[in-house]
Amino acid sequence: MKGMYNDDQAFDLMLKDRDSLVYEFHELGVPEKPGNLAFGTSIVYPGKVGNEYYMTKGHFHTILDTSEVYYCIGGKGYMLMESPEGDCDIQEFTPGKAVYVPGRYAHRSINTGNEPLITFYVFRADAGHDYGTIESNGFRKIVAEQDEKPVVVNNPKWQ
Ligand SMILES: O=P(O)(O)OC[C@H]1O[C@](O)(CO)[C@@H](O)[C@@H]1O
Ligand SMILES: [Fe+2]
């Protein structure tokens with residue numbers, strides 16, 4: 001996750017102290033072929049780097065026009081989304097709520113609570129993951145804590 005957060009100094013300090021687990025996912029390994037559905041469980045742990053909440057790296061799908069469904073099992077947070085054209089959207093995760101990620105949108109799960117954010121996800125198994133754009137540009141928006149509340153602000157590092 002180096003370079004993914006806005007506050008690089010806070011990230012380096014945190015890493016010096018402890019290499020904490022930010023997120024993990026468990027997938028059943030359905031073959032990545034047309035017609036199949038990939039599915040699994042994602043867990044984003046609670047925490048912050050500077051004032052930015054723990055989150056997944058985020059990705060586009062290699063088959064860009066791939067949608068994905070996430071169902072929140074526990075915890076709270078957000079799904080941050082953006083299209084290549086720069087349209088941004090954010091949906092809240094609360095237990096029992098499903099979030100639809102439309103095709104063409106990069107997506108990142110963010111834990112703004114004090115418990116693990118647990119979601120179930122499903123998408124076409126041959127869609128692939130494209131991390132390149134997010135690794136080099138980041139998302140246009142970030143979710144950070146201000147006055148003890150999560151706020152969505154422009155990403156100062158976005159390029
Ligand atoms: O791929 P990222 O952005 O690291 O996020 C991981 C999550 O996204 C998925 O790739 C599903 O889109 C899962 O495998 C996992 O839960
Ligand atoms: Fe995805």
# chains A, B, ... in the order shown; residues from 1 in each chain; ligands from 1

call {"tool": "residues_around", "arguments": {"residues": "Met55 of chain A", "least_positions_apart": "4", "cutoff": "10 Å", "atoms": "only C-alpha atoms", "output": "list in words"}}
result
Met1, Met4, Tyr5, Val22, Tyr23, Ile43, Val44, Tyr45, Pro46, Gly47, Lys48, Val49, Gly77, Tyr78, Met79, Leu80, Arg108, Ser109, Ile110, Asn111, Thr112, Leu117, Ile142 and Val143 of chain A

call {"tool": "write_last_selection", "arguments": {"atoms": "C-alpha atoms", "output": "PDB file, in the first residue's frame"}}
result
ATOM      1  CA  MET A   1       0.000   0.000   0.000  1.00  0.00           C
ATOM      2  CA  MET A   4      -1.534   4.818  -1.902  1.00  0.00           C
ATOM      3  CA  TYR A   5      -2.270   7.072   1.080  1.00  0.00           C
ATOM      4  CA  VAL A  22      -4.877  -3.401   6.400  1.00  0.00           C
ATOM      5  CA  TYR A  23      -7.087  -5.820   4.462  1.00  0.00           C
ATOM      6  CA  ILE A  43     -12.177  -7.753   5.280  1.00  0.00           C
ATOM      7  CA  VAL A  44     -10.828  -4.227   5.742  1.00  0.00           C
ATOM      8  CA  TYR A  45      -9.538  -3.681   9.271  1.00  0.00           C
ATOM      9  CA  PRO A  46     -10.195  -0.482  11.235  1.00  0.00           C
ATOM     10  CA  GLY A  47      -7.419   2.098  11.326  1.00  0.00           C
ATOM     11  CA  LYS A  48      -6.012   5.224   9.733  1.00  0.00           C
ATOM     12  CA  VAL A  49      -2.849   6.428   8.034  1.00  0.00           C
ATOM     13  CA  GLY A  77     -17.620   2.304   5.661  1.00  0.00           C
ATOM     14  CA  TYR A  78     -17.861   3.323   2.045  1.00  0.00           C
ATOM     15  CA  MET A  79     -17.369   2.129  -1.501  1.00  0.00           C
ATOM     16  CA  LEU A  80     -15.558   4.863  -3.437  1.00  0.00           C
ATOM     17  CA  ARG A 108     -12.132   0.909  -3.352  1.00  0.00           C
ATOM     18  CA  SER A 109     -13.600  -0.208   0.012  1.00  0.00           C
ATOM     19  CA  ILE A 110     -12.926   2.074   2.997  1.00  0.00           C
ATOM     20  CA  ASN A 111     -13.459   1.249   6.685  1.00  0.00           C
ATOM     21  CA  THR A 112     -14.605   4.300   8.657  1.00  0.00           C
ATOM     22  CA  LEU A 117     -15.611  -4.003   7.496  1.00  0.00           C
ATOM     23  CA  ILE A 142     -10.185  10.406  -0.546  1.00  0.00           C
ATOM     24  CA  VAL A 143     -12.125   9.691   2.655  1.00  0.00           C
TER      25      VAL A 143
END

call {"tool": "closest_atom_pairs", "arguments": {"of": "chain A", "to": "ligand 1", "cutoff": "8 Å", "atoms": "only C-alpha atoms and all ligand atoms", "output": "tab-separated table"}}
result
residue	atom	partner	partner_atom_place_in_ligand_line	distance
A:Tyr23	CA	ligand 1	6 (C)	7.9
A:Glu24	CA	ligand 1	16 (O)	7.1
A:Phe25	CA	ligand 1	16 (O)	4.8
A:His26	CA	ligand 1	16 (O)	7.3
A:Glu27	CA	ligand 1	14 (O)	6.6
A:Phe39	CA	ligand 1	11 (C)	7.6
A:Gly40	CA	ligand 1	16 (O)	6.8
A:Thr41	CA	ligand 1	16 (O)	6.0
A:Ser42	CA	ligand 1	16 (O)	4.1
A:Ile43	CA	ligand 1	16 (O)	7.3
A:Thr56	CA	ligand 1	3 (O)	4.9
A:Lys57	CA	ligand 1	3 (O)	4.2
A:Gly58	CA	ligand 1	3 (O)	3.2
A:His59	CA	ligand 1	3 (O)	4.9
A:Glu68	CA	ligand 1	12 (O)	7.1
A:His107	CA	ligand 1	3 (O)	7.1
A:Arg108	CA	ligand 1	3 (O)	5.8
A:Ser109	CA	ligand 1	5 (O)	7.4
A:Thr119	CA	ligand 1	16 (O)	7.8
A:Phe120	CA	ligand 1	16 (O)	7.8
A:Tyr121	CA	ligand 1	11 (C)	6.2
A:Val122	CA	ligand 1	11 (C)	7.2
A:Phe123	CA	ligand 1	12 (O)	7.2
A:His129	CA	ligand 1	1 (O)	6.9
A:Tyr131	CA	ligand 1	3 (O)	7.5

call {"tool": "select_by_dssp", "arguments": {"residues": "segment 1-105 of chain A", "states": "alpha helix (DSSP H)", "output": "VMD selection string"}}
result
chain A and resid 8 to 17

call {"tool": "closest_residue", "arguments": {"among": "A:Lys16, A:Lys76, A:Arg124, A:Lys97", "to": "His61 of chain A", "atoms": "only C-alpha atoms"}}
result
A:Arg124

call {"tool": "residues_around", "arguments": {"residues": "Val153 of chain A", "least_positions_apart": "2", "cutoff": "9 Å", "atoms": "only C-alpha atoms", "output": "JSON, numbers by chain"}}
result
{"A": [140, 141, 142, 143, 144, 151, 155, 156]}

call {"tool": "atom_distance", "arguments": {"atom1": "atom CA of Ile134 of chain A", "atom2": "atom CA of Asn154 of chain A"}}
result
14.9 Å

call {"tool": "select_by_dssp", "arguments": {"residues": "chain A", "states": "strand (DSSP E)", "output": "ChimeraX atom specification"}}
result
/A:23-27,37-44,48-49,52-53,60-61,68-74,77-82,88-93,98-101,106-111,117-124,129-130,141-146,149-154

call {"tool": "residues_around", "arguments": {"residues": "Asp8 of chain A", "least_positions_apart": "5", "cutoff": "12 Å", "atoms": "only C-alpha atoms", "output": "number ranges by chain"}}
result
A: 1-3, 13-15, 49-52, 157

call {"tool": "atom_distance", "arguments": {"atom1": "atom CA of Cys72 of chain A", "atom2": "atom CA of Val99 of chain A"}}
result
8.0 Å

call {"tool": "residues_around", "arguments": {"residues": "Met81 of chain A", "least_positions_apart": "4", "cutoff": "7 Å", "atoms": "only C-alpha atoms", "output": "PDB file with C-alpha atoms, in the first residue's frame"}}
result
ATOM      1  CA  CYS A  88     -17.112  10.031  -8.864  1.00  0.00           C
ATOM      2  CA  ASP A  89     -19.621   8.255  -6.654  1.00  0.00           C
ATOM      3  CA  ILE A  90     -19.633   6.997  -3.077  1.00  0.00           C
ATOM      4  CA  TYR A 105     -15.919   2.275 -12.422  1.00  0.00           C
ATOM      5  CA  ALA A 106     -12.757   1.798 -10.366  1.00  0.00           C
ATOM      6  CA  HIS A 107     -13.689   0.835  -6.803  1.00  0.00           C
ATOM      7  CA  ARG A 108     -12.132   0.909  -3.352  1.00  0.00           C
TER       8      ARG A 108
END

call {"tool": "atom_distance", "arguments": {"atom1": "atom CA of Tyr71 of chain A", "atom2": "atom CA of Val30 of chain A"}}
result
19.0 Å

call {"tool": "closest_residue", "arguments": {"among": "A:Gly138, A:Pro102, A:Gly96, A:Pro116", "to": "ligand 2", "atoms": "only C-alpha atoms and all ligand atoms"}}
result
A:Pro102

call {"tool": "closest_residue", "arguments": {"among": "A:Ile118, A:Val69, A:Ile63, A:Val101", "to": "Pro34 of chain A", "atoms": "only C-alpha atoms"}}
result
A:Ile63
